[in-house]
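*Asks:* What follows is query.cif; its format and atoms are mmCIF, C-alpha atoms.
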data_final
loop_
_atom_site.label_atom_id
_atom_site.label_comp_id
_atom_site.auth_asym_id
_atom_site.auth_seq_id
_atom_site.Cartn_x
_atom_site.Cartn_y
_atom_site.Cartn_z
CA MET A 1 59.44 -3.61 0.78
CA GLY A 2 59.09 -7.31 -0.06
CA ALA A 3 57.93 -7.98 3.48
CA TRP A 4 55.48 -5.13 3.28
CA LEU A 5 54.10 -6.49 0.01
CA ALA A 6 53.65 -9.91 1.54
CA LEU A 7 52.05 -8.75 4.78
CA ARG A 8 49.77 -5.89 3.85
CA HIS A 9 46.80 -5.61 1.59
CA PHE A 10 46.13 -2.56 -0.50
CA PRO A 11 44.28 -1.76 -3.72
CA GLY A 12 46.30 -2.58 -6.81
CA LYS A 13 48.53 -4.98 -4.94
CA ARG A 14 48.10 -7.74 -7.50
CA LEU A 15 49.06 -5.46 -10.38
CA PHE A 16 52.03 -4.15 -8.44
CA THR A 17 53.15 -7.72 -7.76
CA VAL A 18 52.96 -8.49 -11.47
CA PHE A 19 55.21 -5.50 -12.13
CA ILE A 20 57.70 -6.77 -9.59
CA TYR A 21 57.77 -10.21 -11.19
CA THR A 22 58.14 -8.64 -14.63
CA GLY A 23 61.04 -6.62 -13.26
CA MET A 24 62.66 -9.81 -12.00
CA GLY A 25 62.69 -11.18 -15.51
CA MET A 26 63.55 -7.96 -17.32
CA PRO A 27 66.69 -8.15 -19.46
CA PRO A 28 69.22 -5.82 -17.79
CA VAL A 29 70.07 -4.23 -21.11
CA VAL A 30 66.45 -3.10 -21.47
CA ALA A 31 66.69 -1.46 -18.04
CA GLY A 32 69.85 0.18 -19.28
CA LEU A 33 68.11 1.41 -22.41
CA ILE A 34 65.28 2.95 -20.40
CA VAL A 35 67.71 4.69 -18.03
CA TYR A 36 69.71 5.84 -21.08
CA LEU A 37 66.65 7.38 -22.71
CA MET A 38 65.55 9.04 -19.47
CA LEU A 39 68.95 10.56 -18.79
CA SER A 40 69.97 11.46 -22.31
CA ARG A 41 70.14 15.17 -23.22
CA SER A 42 66.66 15.16 -24.72
CA GLY A 43 65.21 12.80 -22.11
CA PRO A 44 62.97 13.94 -19.23
CA LEU A 45 65.82 13.73 -16.72
CA GLY A 46 68.50 14.98 -19.11
CA GLY A 47 68.97 18.13 -17.05
CA LEU A 48 70.68 16.13 -14.32
CA GLY A 49 73.62 15.47 -16.63
CA TRP A 50 74.04 11.98 -15.19
CA LEU A 51 74.52 10.09 -18.45
CA PHE A 52 77.95 8.42 -18.72
CA THR A 53 78.57 8.91 -14.99
CA LEU A 54 78.71 6.56 -12.05
CA LYS A 55 75.33 7.85 -10.91
CA ALA A 56 73.64 6.60 -14.06
CA MET A 57 75.21 3.18 -13.54
CA VAL A 58 73.99 3.04 -9.95
CA VAL A 59 70.48 3.98 -11.08
CA ALA A 60 70.48 1.18 -13.66
CA GLN A 61 71.82 -1.36 -11.17
CA VAL A 62 69.20 -0.41 -8.57
CA ILE A 63 66.47 -0.85 -11.16
CA ILE A 64 67.84 -4.28 -12.05
CA ALA A 65 68.43 -5.56 -8.52
CA THR A 66 65.44 -4.14 -6.64
CA PRO A 67 62.69 -6.30 -8.20
CA LEU A 68 64.84 -9.36 -7.68
CA ILE A 69 65.40 -8.67 -3.99
CA VAL A 70 61.81 -7.57 -3.41
CA GLY A 71 60.37 -10.56 -5.26
CA VAL A 72 62.47 -13.15 -3.47
CA THR A 73 61.86 -11.51 -0.06
CA MET A 74 58.14 -11.46 -0.74
CA GLY A 75 58.17 -15.14 -1.64
CA ALA A 76 60.08 -15.99 1.51
CA VAL A 77 57.71 -14.03 3.75
CA LEU A 78 54.67 -15.57 2.06
CA ALA A 79 56.11 -19.02 2.70
CA VAL A 80 55.91 -18.47 6.47
CA ASP A 81 52.86 -20.19 8.01
CA PRO A 82 50.00 -17.69 7.67
CA LEU A 83 48.68 -18.84 11.05
CA LEU A 84 51.79 -17.58 12.81
CA GLY A 85 50.85 -13.90 12.72
CA PRO A 86 47.44 -14.23 14.43
CA GLN A 87 48.84 -16.69 16.95
CA LEU A 88 51.60 -14.29 17.97
CA ARG A 89 49.01 -11.53 18.19
CA THR A 90 47.03 -13.54 20.74
CA LEU A 91 50.20 -13.93 22.80
CA GLY A 92 50.37 -10.17 23.08
CA ALA A 93 52.45 -9.16 20.07
CA THR A 94 51.59 -5.84 18.47
CA ARG A 95 51.12 -5.92 14.72
CA ARG A 96 54.66 -4.64 14.29
CA GLN A 97 56.16 -7.20 16.67
CA ALA A 98 54.32 -10.00 14.87
CA GLU A 99 55.60 -8.77 11.50
CA LEU A 100 59.17 -8.61 12.77
CA ALA A 101 58.88 -12.18 14.00
CA ILE A 102 57.54 -13.29 10.61
CA LEU A 103 60.41 -11.52 8.85
CA ALA A 104 62.85 -13.27 11.18
CA GLU A 105 61.25 -16.60 10.21
CA ALA A 106 61.83 -15.72 6.55
CA ARG A 107 65.44 -14.61 7.08
CA VAL A 108 67.02 -17.35 4.99
CA GLY A 109 64.92 -16.37 1.99
CA VAL A 110 65.72 -12.70 2.56
CA ILE A 111 69.44 -13.50 2.44
CA VAL A 112 68.96 -15.52 -0.73
CA GLY A 113 67.31 -12.44 -2.23
CA LEU A 114 70.26 -10.27 -1.28
CA VAL A 115 72.74 -12.76 -2.73
CA ALA A 116 70.76 -12.95 -5.96
CA GLY A 117 70.62 -9.16 -6.16
CA PHE A 118 74.34 -8.89 -5.56
CA GLY A 119 75.04 -11.54 -8.16
CA SER A 120 73.01 -9.79 -10.80
CA VAL A 121 74.68 -6.47 -10.06
CA ILE A 122 78.30 -7.60 -10.26
CA SER A 123 77.77 -9.69 -13.37
CA GLU A 124 75.81 -7.02 -15.22
CA VAL A 125 77.46 -5.68 -18.35
CA GLY A 126 74.98 -4.44 -20.94
CA ALA A 127 73.21 -1.77 -18.93
CA VAL A 128 76.31 -0.31 -17.33
CA MET A 129 78.00 -0.10 -20.68
CA LEU A 130 75.02 1.67 -22.20
CA VAL A 131 74.53 4.27 -19.49
CA GLY A 132 78.10 4.48 -18.21
CA GLY A 133 79.85 4.50 -21.56
CA ASN A 134 82.79 2.39 -20.38
CA ILE A 135 85.02 5.44 -19.94
CA ASP A 136 88.50 4.54 -18.75
CA GLY A 137 89.10 5.53 -15.16
CA ARG A 138 85.56 6.80 -14.68
CA THR A 139 82.83 4.39 -15.65
CA ARG A 140 84.78 1.34 -16.66
CA VAL A 141 83.97 -1.65 -14.45
CA MET A 142 85.37 -5.15 -14.58
CA THR A 143 82.65 -6.59 -16.77
CA THR A 144 82.87 -3.83 -19.34
CA ALA A 145 86.66 -3.98 -19.24
CA ILE A 146 86.47 -7.69 -20.01
CA VAL A 147 84.31 -7.00 -23.04
CA LEU A 148 86.72 -4.34 -24.27
CA GLU A 149 89.90 -6.37 -23.72
CA THR A 150 88.35 -9.38 -25.44
CA ARG A 151 87.47 -7.24 -28.45
CA LYS A 152 91.02 -5.93 -28.54
CA GLY A 153 92.34 -9.47 -28.47
CA ASN A 154 93.92 -9.15 -25.01
CA PHE A 155 92.59 -12.49 -23.93
CA ASP A 156 95.13 -12.83 -21.11
CA LEU A 157 94.03 -9.59 -19.48
CA ALA A 158 90.36 -10.37 -20.08
CA LEU A 159 90.75 -13.78 -18.54
CA ALA A 160 92.64 -12.38 -15.57
CA LEU A 161 89.90 -9.84 -14.95
CA GLY A 162 87.35 -12.60 -15.23
CA ILE A 163 89.14 -14.64 -12.61
CA ILE A 164 89.34 -11.65 -10.25
CA LEU A 165 85.62 -10.99 -10.73
CA LEU A 166 84.84 -14.61 -10.03
CA ALA A 167 87.02 -14.54 -6.92
CA LEU A 168 85.31 -11.40 -5.64
CA SER A 169 81.92 -12.97 -6.19
CA PHE A 170 83.06 -16.11 -4.42
CA ILE A 171 84.33 -14.17 -1.41
CA ALA A 172 81.16 -12.13 -1.13
CA ASN A 173 78.95 -15.22 -1.37
CA PHE A 174 81.16 -17.12 1.01
CA VAL A 175 80.84 -14.40 3.64
CA MET A 176 77.07 -14.35 3.19
CA ALA A 177 76.92 -18.14 3.37
CA LEU A 178 78.81 -17.99 6.65
CA GLY A 179 76.30 -15.57 8.08
CA GLN A 180 73.44 -17.59 6.65
CA GLY A 181 74.88 -20.79 8.08
CA ARG A 182 74.89 -19.23 11.49
CA LEU A 183 71.26 -18.27 11.05
CA VAL A 184 70.17 -21.61 9.65
CA GLU A 185 71.89 -23.44 12.45
CA ARG A 186 69.66 -21.67 14.89
CA THR A 187 66.46 -22.75 13.19
CA MET B 1 43.52 -9.73 39.80
CA SER B 2 39.83 -10.05 39.06
CA ALA B 3 38.68 -12.36 36.33
CA ALA B 4 37.68 -10.89 33.01
CA SER B 5 34.45 -11.38 31.15
CA TYR B 6 32.71 -10.66 27.87
CA GLN B 7 29.39 -9.26 26.81
CA ILE B 8 28.22 -9.93 23.27
CA THR B 9 25.38 -7.75 21.99
CA ASN B 10 23.66 -8.08 18.61
CA VAL B 11 26.81 -9.34 16.95
CA THR B 12 26.98 -10.37 13.33
CA LYS B 13 30.08 -11.29 11.39
CA THR B 14 29.98 -11.33 7.61
CA TYR B 15 32.63 -12.56 5.19
CA ALA B 16 32.06 -11.65 1.54
CA ALA B 17 28.30 -11.14 1.99
CA ARG B 18 27.97 -14.45 3.88
CA THR B 19 26.85 -14.08 7.48
CA VAL B 20 28.75 -16.66 9.50
CA LEU B 21 27.75 -15.45 12.94
CA ASP B 22 24.57 -13.87 14.28
CA ILE B 23 24.31 -13.73 18.06
CA PRO B 24 21.80 -11.37 19.72
CA ALA B 25 23.21 -11.81 23.22
CA LEU B 26 25.76 -13.96 25.01
CA ALA B 27 27.68 -13.34 28.20
CA VAL B 28 30.86 -15.00 29.38
CA GLU B 29 30.89 -14.62 33.15
CA PRO B 30 34.08 -14.00 35.14
CA GLY B 31 35.76 -17.26 36.10
CA ASP B 32 33.49 -19.33 33.89
CA ILE B 33 34.59 -22.14 31.66
CA LEU B 34 32.30 -21.75 28.69
CA ALA B 35 32.36 -24.54 26.13
CA VAL B 36 31.10 -23.60 22.68
CA VAL B 37 29.95 -26.70 20.86
CA GLY B 38 28.46 -27.29 17.45
CA PRO B 39 29.22 -28.95 14.14
CA SER B 40 32.05 -27.65 12.02
CA GLY B 41 31.15 -24.52 10.10
CA ALA B 42 28.83 -23.38 12.89
CA GLY B 43 30.88 -20.23 13.50
CA LYS B 44 32.61 -21.42 16.67
CA SER B 45 36.09 -20.39 15.60
CA THR B 46 34.83 -17.08 14.25
CA LEU B 47 33.29 -16.36 17.64
CA LEU B 48 36.60 -17.12 19.31
CA ARG B 49 38.51 -14.83 16.94
CA LEU B 50 36.11 -12.04 17.85
CA LEU B 51 36.65 -12.71 21.56
CA ALA B 52 40.42 -12.71 20.94
CA LEU B 53 40.07 -9.21 19.46
CA LEU B 54 41.72 -10.52 16.31
CA GLU B 55 38.83 -9.39 14.13
CA GLU B 56 36.24 -6.71 14.25
CA VAL B 57 32.51 -7.47 14.33
CA SER B 58 30.46 -6.53 11.26
CA THR B 59 27.69 -5.13 13.43
CA GLY B 60 26.96 -5.10 17.15
CA GLU B 61 29.52 -5.19 19.91
CA VAL B 62 31.86 -7.58 21.68
CA SER B 63 32.92 -5.87 24.87
CA PHE B 64 35.76 -7.21 26.93
CA HIS B 65 35.46 -6.41 30.65
CA LEU B 66 38.55 -6.09 32.77
CA GLY B 67 37.23 -5.14 36.18
CA GLU B 68 35.77 -1.69 35.71
CA ARG B 69 37.36 -1.29 32.31
CA ARG B 70 35.37 -2.18 29.20
CA VAL B 71 37.05 -2.31 25.83
CA THR B 72 36.26 -3.42 22.29
CA TYR B 73 38.35 -4.39 19.25
CA ALA B 74 38.70 -0.72 18.39
CA SER B 75 39.44 0.64 21.85
CA ALA B 76 41.58 -2.14 23.33
CA SER B 77 45.15 -1.11 24.09
CA THR B 78 48.10 -3.47 23.80
CA ALA B 79 48.00 -3.83 27.59
CA ASP B 80 44.32 -4.83 27.39
CA ARG B 81 45.01 -7.37 24.66
CA ARG B 82 47.76 -8.84 26.78
CA GLN B 83 45.17 -9.91 29.36
CA LEU B 84 44.11 -12.72 27.03
CA ALA B 85 45.86 -15.59 25.33
CA MET B 86 44.66 -18.11 22.80
CA VAL B 87 45.56 -21.64 21.77
CA PHE B 88 44.71 -22.69 18.22
CA GLN B 89 43.76 -26.02 16.76
CA ARG B 90 46.95 -26.18 14.71
CA PRO B 91 49.86 -24.50 16.46
CA ALA B 92 52.28 -22.33 14.48
CA LEU B 93 55.54 -22.01 16.36
CA LEU B 94 58.64 -19.92 15.78
CA SER B 95 61.60 -21.84 14.42
CA ARG B 96 63.47 -21.32 17.66
CA SER B 97 63.87 -23.59 20.66
CA VAL B 98 60.87 -24.78 22.65
CA ARG B 99 62.04 -22.61 25.53
CA ALA B 100 62.24 -19.51 23.29
CA ASN B 101 58.73 -20.21 22.01
CA VAL B 102 57.35 -20.47 25.54
CA ALA B 103 59.21 -17.34 26.61
CA TYR B 104 58.01 -15.31 23.59
CA GLY B 105 54.97 -13.72 25.24
CA LEU B 106 56.89 -12.94 28.42
CA ARG B 107 59.65 -11.27 26.38
CA LEU B 108 57.05 -9.10 24.65
CA ARG B 109 55.93 -7.98 28.09
CA GLY B 110 59.49 -7.03 28.95
CA ASP B 111 59.83 -9.86 31.43
CA ARG B 112 63.53 -10.69 31.21
CA ASP B 113 63.71 -12.89 34.31
CA GLY B 114 60.83 -15.17 33.45
CA ARG B 115 63.16 -18.14 33.28
CA ASP B 116 61.73 -19.71 36.42
CA ARG B 117 58.21 -19.35 35.12
CA VAL B 118 59.20 -20.88 31.79
CA ASP B 119 60.88 -23.78 33.58
CA ALA B 120 57.84 -24.30 35.77
CA VAL B 121 55.43 -24.38 32.86
CA LEU B 122 57.70 -26.68 30.81
CA GLU B 123 57.60 -29.03 33.77
CA ARG B 124 53.81 -28.86 33.83
CA VAL B 125 53.55 -29.81 30.15
CA SER B 126 56.26 -32.50 30.53
CA LEU B 127 58.62 -30.85 28.06
CA THR B 128 61.56 -30.14 30.35
CA THR B 129 63.82 -32.54 28.48
CA LEU B 130 62.84 -31.00 25.14
CA ALA B 131 63.40 -27.38 26.20
CA GLU B 132 66.23 -26.85 23.70
CA ALA B 133 64.64 -28.88 20.89
CA ARG B 134 63.49 -27.28 17.62
CA PRO B 135 59.76 -27.39 16.90
CA ARG B 136 60.22 -29.25 13.60
CA THR B 137 61.59 -32.24 15.51
CA LEU B 138 58.50 -32.49 17.75
CA SER B 139 55.39 -34.64 17.42
CA GLY B 140 51.90 -33.18 17.03
CA GLY B 141 51.10 -33.66 20.70
CA GLU B 142 54.36 -32.07 21.79
CA LEU B 143 53.79 -29.08 19.49
CA GLN B 144 50.35 -28.53 20.96
CA ARG B 145 51.77 -28.77 24.48
CA VAL B 146 54.29 -26.05 23.57
CA ALA B 147 51.40 -23.94 22.30
CA VAL B 148 49.48 -24.50 25.52
CA ALA B 149 52.58 -23.73 27.59
CA ARG B 150 53.31 -20.45 25.82
CA ALA B 151 49.76 -19.32 26.63
CA LEU B 152 49.63 -20.60 30.24
CA VAL B 153 52.97 -19.04 31.19
CA LEU B 154 51.42 -15.61 30.65
CA GLU B 155 48.83 -16.31 33.36
CA PRO B 156 46.22 -14.56 31.25
CA ARG B 157 42.91 -13.48 32.73
CA VAL B 158 41.17 -15.01 29.73
CA LEU B 159 42.23 -18.18 28.00
CA LEU B 160 40.69 -18.93 24.62
CA LEU B 161 41.02 -22.48 23.32
CA ASP B 162 40.11 -23.37 19.75
CA GLU B 163 39.78 -27.16 19.49
CA PRO B 164 42.99 -27.54 21.49
CA THR B 165 42.83 -31.32 21.55
CA ALA B 166 41.47 -32.14 18.10
CA ASN B 167 43.63 -34.80 16.41
CA LEU B 168 45.53 -35.62 19.60
CA ASP B 169 45.93 -39.00 21.24
CA PRO B 170 44.09 -39.69 24.53
CA ALA B 171 47.17 -39.19 26.73
CA ASN B 172 47.76 -35.71 25.34
CA VAL B 173 44.06 -34.90 25.56
CA ARG B 174 44.04 -35.88 29.22
CA LEU B 175 47.16 -33.82 29.95
CA ILE B 176 45.84 -30.72 28.24
CA GLU B 177 42.46 -31.00 29.94
CA LYS B 178 44.24 -31.33 33.28
CA LEU B 179 46.29 -28.19 32.55
CA VAL B 180 43.16 -26.24 31.67
CA ARG B 181 41.45 -27.31 34.88
CA GLU B 182 44.58 -26.47 36.92
CA GLN B 183 44.88 -23.03 35.38
CA HIS B 184 41.23 -22.37 36.14
CA SER B 185 41.43 -23.39 39.79
CA ARG B 186 44.80 -21.69 40.39
CA TYR B 187 44.14 -18.34 38.80
CA GLY B 188 40.37 -18.22 38.37
CA THR B 189 40.99 -17.78 34.65
CA THR B 190 37.96 -17.18 32.49
CA ILE B 191 38.07 -19.81 29.76
CA VAL B 192 36.25 -20.14 26.48
CA LEU B 193 36.73 -23.53 24.90
CA VAL B 194 35.60 -24.31 21.37
CA THR B 195 35.16 -28.01 20.78
CA HIS B 196 33.14 -30.36 18.66
CA ASN B 197 33.52 -32.96 21.38
CA ILE B 198 30.51 -32.78 23.72
CA PHE B 199 32.18 -35.16 26.17
CA GLN B 200 35.04 -32.74 26.57
CA ALA B 201 32.56 -29.93 27.09
CA ARG B 202 30.86 -31.96 29.79
CA ARG B 203 34.16 -32.80 31.50
CA LEU B 204 35.52 -29.26 31.60
CA ALA B 205 32.86 -26.63 31.27
CA THR B 206 30.77 -24.78 33.80
CA SER B 207 28.42 -23.72 31.05
CA VAL B 208 27.87 -24.78 27.47
CA ALA B 209 26.65 -22.94 24.39
CA LEU B 210 25.44 -24.63 21.21
CA LEU B 211 25.98 -22.88 17.91
CA LEU B 212 24.25 -23.98 14.72
CA GLU B 213 24.84 -22.23 11.42
CA GLY B 214 26.14 -19.14 13.15
CA ARG B 215 23.22 -18.86 15.54
CA LEU B 216 23.15 -19.43 19.25
CA VAL B 217 20.67 -22.23 19.98
CA GLU B 218 21.09 -22.50 23.71
CA CYS B 219 23.47 -21.46 26.45
CA ALA B 220 23.05 -23.00 29.89
CA PRO B 221 24.98 -24.29 32.89
CA THR B 222 26.54 -27.63 32.01
CA GLU B 223 24.17 -29.73 34.13
CA ALA B 224 21.08 -28.10 32.69
CA PHE B 225 22.46 -28.17 29.15
CA PHE B 226 22.94 -31.91 29.21
CA ASN B 227 20.13 -33.01 31.51
CA ALA B 228 17.35 -30.59 30.70
CA PRO B 229 17.97 -28.99 27.32
CA GLN B 230 15.40 -26.34 26.51
CA ASP B 231 15.75 -26.54 22.76
CA PRO B 232 14.94 -29.75 20.87
CA ARG B 233 18.00 -29.19 18.67
CA THR B 234 20.20 -29.24 21.78
CA ALA B 235 18.70 -32.56 22.75
CA ASP B 236 19.34 -33.85 19.23
CA PHE B 237 22.91 -32.63 19.28
CA ILE B 238 23.61 -34.27 22.64
CA SER B 239 22.12 -37.57 21.61
CA GLY B 240 24.12 -37.45 18.39
CA ASP B 241 21.31 -37.37 15.85
CA LEU B 242 21.49 -33.74 15.02
CA VAL B 243 20.36 -32.96 11.52
CA TYR B 244 22.76 -30.59 9.76
#
Please rewrite the model in this file as structure tokens.
*Replies:*
Amino acid sequence: MGAWLALRHFPGKRLFTVFIYTGMGMPPVVAGLIVYLMLSRSGPLGGLGWLFTLKAMVVAQVIIATPLIVGVTMGAVLAVDPLLGPQLRTLGATRRQAELAILAEARVGVIVGLVAGFGSVISEVGAVMLVGGNIDGRTRVMTTAIVLETRKGNFDLALALGIILLALSFIANFVMALGQGRLVERT
Amino acid sequence: MSAASYQITNVTKTYAARTVLDIPALAVEPGDILAVVGPSGAGKSTLLRLLALLEEVSTGEVSFHLGERRVTYASASTADRRQLAMVFQRPALLSRSVRANVAYGLRLRGDRDGRDRVDAVLERVSLTTLAEARPRTLSGGELQRVAVARALVLEPRVLLLDEPTANLDPANVRLIEKLVREQHSRYGTTIVLVTHNIFQARRLATSVALLLEGRLVECAPTEAFFNAPQDPRTADFISGDLVY
């Protein structure tokens, strides 16, 4: 979607881009509030009965992470030399083949976008607490558990959870960095 | 494989209400080397982009003739487009090895065993030792030679060159001119060369066209163009005191 935004022109593109950038800077808890209001009993999507379920949390996380990934991907694709596309076309690339090549040139930026999206999702606490409800065994995640345990005064447990979360984040980023390193090496 | 040609009829090209090109008629004959000369902003590059089927005309028609087949921007298939290749003034390469860049067009055509052809063309552009190098480590002249190589390796029936030697040192200019001449005599390639350098036009071209402010002033065989220009503006341009 970021690549598509960067490569194609359509009416309203500028406005859409502004929305994406706004989304990148939106406080997650506001996203949570919106999802909460939509899914609540009296909200327009209340019939789904998703509030305080995992589904509601996924919806909120997608809303938080998508603009980030799209925005960073778009920036990376726009940073590729604009002359490249036409030049590849005159070597016989179809429009699609040229776009794939441009996306491949922007791969490092695309990975950065994914890492940023992942980071925002695992560290998110406000929105998931709002829409998930922090229900033990159902919608409690590590971040919300940390909040709860800290409030209860169980600092040891909270700290331990924090360390595990940090370790998970480290492992995920490390794996991505490995893959990225392999890609960067080739450039 | 017969050479390809172009017929331009009543073509205009307009960007944001500004007409940058207005050519009633111009033919590029099969096997010709046509040099398009003129000051910058004369519409030379725009003309080349139209010939490359990269852009559509605003009015009129650019028809691309491949033997009996005649196509335009709208009707050209991928196979038709693959009969031409273009080299730009400033090359944009993929951030892969020199060899991968040269092989790119062949790979698009499904040519998996083009290694020999890639090697041969790298030899011709004196880049054999840099085959595995990354473009960002190359000099301007080397980059342009990669760009020339990736076009030549395709053995296109039409080769379009947009100021291919602007900003290059004399040694690179000589090498690239030699490659163009070679390609023409080996394959009978039809070549359209855009240049602001009239000496280069004289060295390479079989015919020359002068563009001024988007209009075709004169198009004639090279000898006639330089020795007996029909239009006073051509004479001015050749002698270097063109008013623009």
*Asks:* Tell me the residues of chain B close to chain A, meaning within 8 Å using all atoms listed in the file, as a list of chain:residue names.
*Replies:*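 Residues passing the distance filter: B:Ala52, B:Leu54, B:Thr78, B:Arg81, B:Arg82, B:Leu84, B:Ala85, B:Met86, B:Val87, B:Phe88, B:Pro91, B:Ala92, B:Leu93, B:Leu94, B:Ser95, B:Arg96, B:Ser97, B:Tyr104, B:Gly105, B:Leu108, B:Arg109, B:Arg134, B:Arg150, B:Ala151.
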*Asks:* Running the PyMOL selection byres ((chain B and resi 217-225) around 10) on this model by hand, what would come out? Give it as a PyMOL selection string.
*Replies:* chain B and resi 23+26-27+32-36+38+201-216+226-235+238
*Asks:* What do you get, as a PyMOL selection string, if you spell out every residue that the PyMOL selection byres ((chain A and resi 18-26) around 9) selects here?
*Replies:* chain A and resi 13-17+27-31+63-71
*Asks:* Extract, using all atoms listed in the file, all DNA, RNA and protein residues at most 9 Å from range 64-68 of chain B, discarding same-chain residues fewer than 3 positions from it, and format them as a list of chain:residue names.
*Replies:* B:Met1, B:Ser2, B:Ala3, B:Ala4, B:Ser5, B:Tyr6, B:Gln7, B:Ile8, B:Pro30, B:Leu51, B:Leu53, B:Val71, B:Thr72, B:Tyr73, B:Ala76, B:Asp80, B:Gln83, B:Arg157
*Asks:* One decimal, Å: what's the distance from CA of Met57 in chain A over to CA of Ala127 in chain A, could you say?
*Replies:*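 Those two atoms sit 7.6 Å apart.
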*Asks:* Write out as a list in words the residues lying within 9 Å of Val77 in chain A, counting all atoms listed in the file and excluding same-chain residues fewer than 2 positions away.
*Replies:* Gly2, Ala3, Ala6, Leu7, Val72, Thr73, Met74, Gly75, Ala79, Val80, Asp81, Ile102, Leu103, Glu105, Ala106, Arg107, Gly109 and Val110 of chain A
*Asks:* Could you give me, as a compact mmCIF listing (two decimals) with C-alpha atoms, in the coordinates of the input, the residues within 7 Å of range 51-56 of chain A, counting all atoms listed in the file and dropping anything in the same chain fewer than 6 positions from it?
*Replies:*
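Contents of the output file result_10.txt:
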# COMPACT_ATOMS: atom_id res chain seq x y z
CA TYR A 36 69.71 5.84 -21.08
CA LEU A 39 68.95 10.56 -18.79
CA SER A 40 69.97 11.46 -22.31
CA VAL A 131 74.53 4.27 -19.49
CA GLY A 132 78.10 4.48 -18.21
CA GLY A 133 79.85 4.50 -21.56
CA THR A 139 82.83 4.39 -15.65
*Asks:* Taking all atoms listed in the file into account, name the residue in B:Val125, B:Val37, B:Ala25, B:Leu106 that is nearest to Phe237 in chain B.
*Replies:* B:Val37
*Asks:* Rounded to one decimal in Å, what is the spacing between CA of Ser239 in chain B and CA of Glu182 in chain B?
*Replies:* 29.4 Å
*Asks:* Please compute the CA of Arg151 in chain A-CA of Gly32 in chain A distance, one decimal, in Å.
*Replies:*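 Those two atoms sit 21.2 Å apart.
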*Asks:* Which protein, DNA or RNA residues have an atom at most 12 Å from (31.3, -12.0, 8.6), counting all atoms listed in the file? List them as a PyMOL selection string.
*Replies:* chain B and resi 11-23+43+45-47+49-50+55-60+214
*Asks:* Please identify all polymer residues within 8 Å of Ala131 in chain B, counting all atoms listed in the file, omitting same-chain residues fewer than 4 positions from it, and present them as an NGL selection string.
*Replies:* :B and (97-99 or 122 or 127)
*Asks:* List the residues matched by the PyMOL selection byres ((chain B and resi 167) around 12) in the displayed structure as an mmCIF file with C-alpha atoms, in the frame of the given file, ordered by chain and then by residue number.
*Replies:*
data_model
loop_
_atom_site.group_PDB
_atom_site.id
_atom_site.type_symbol
_atom_site.label_atom_id
_atom_site.label_comp_id
_atom_site.auth_asym_id
_atom_site.auth_seq_id
_atom_site.Cartn_x
_atom_site.Cartn_y
_atom_site.Cartn_z
ATOM 1 C CA GLN B 89 43.760 -26.020 16.760
ATOM 2 C CA ARG B 90 46.950 -26.180 14.710
ATOM 3 C CA SER B 139 55.390 -34.640 17.420
ATOM 4 C CA GLY B 140 51.900 -33.180 17.030
ATOM 5 C CA GLY B 141 51.100 -33.660 20.700
ATOM 6 C CA GLN B 144 50.350 -28.530 20.960
ATOM 7 C CA GLU B 163 39.780 -27.160 19.490
ATOM 8 C CA PRO B 164 42.990 -27.540 21.490
ATOM 9 C CA THR B 165 42.830 -31.320 21.550
ATOM 10 C CA ALA B 166 41.470 -32.140 18.100
ATOM 11 C CA LEU B 168 45.530 -35.620 19.600
ATOM 12 C CA ASP B 169 45.930 -39.000 21.240
ATOM 13 C CA PRO B 170 44.090 -39.690 24.530
ATOM 14 C CA ALA B 171 47.170 -39.190 26.730
ATOM 15 C CA ASN B 172 47.760 -35.710 25.340
ATOM 16 C CA VAL B 173 44.060 -34.900 25.560
ATOM 17 C CA THR B 195 35.160 -28.010 20.780
ATOM 18 C CA HIS B 196 33.140 -30.360 18.660
ATOM 19 C CA ASN B 197 33.520 -32.960 21.380
#
*Asks:* Compile the contact shell of Ile135 in chain A as an MDAnalysis selection string: residues with an atom at most 10 Å away, counting all atoms listed in the file, same-chain residues fewer than 5 positions apart removed.
*Replies:* chainID A and resid 52:53 129 140:141 144:145
*Asks:* Save range 61-65 of chain B to disk from that block, N, CA, C and O atoms included, as a short mmCIF file (atom, residue, chain, number, x, y, z; two decimals), in the first residue's frame.
*Replies:*
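Wrote it out as decode-v2.cif, contents follow:
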data_model
loop_
_atom_site.label_atom_id
_atom_site.label_comp_id
_atom_site.auth_asym_id
_atom_site.auth_seq_id
_atom_site.Cartn_x
_atom_site.Cartn_y
_atom_site.Cartn_z
N GLU B 61 0.51 11.74 -34.14
CA GLU B 61 0.86 10.33 -34.00
C GLU B 61 2.36 10.09 -34.16
O GLU B 61 3.00 10.64 -35.05
N VAL B 62 2.91 9.29 -33.27
CA VAL B 62 4.26 8.74 -33.44
C VAL B 62 4.07 7.27 -33.74
O VAL B 62 3.58 6.53 -32.89
N SER B 63 4.36 6.86 -34.97
CA SER B 63 4.20 5.43 -35.23
C SER B 63 5.57 4.78 -35.39
O SER B 63 6.48 5.32 -36.01
N PHE B 64 5.65 3.63 -34.77
CA PHE B 64 6.89 2.87 -34.67
C PHE B 64 6.75 1.69 -35.62
O PHE B 64 5.81 0.90 -35.51
N HIS B 65 7.63 1.60 -36.61
CA HIS B 65 7.49 0.59 -37.66
C HIS B 65 8.50 -0.53 -37.43
O HIS B 65 9.70 -0.31 -37.40
#
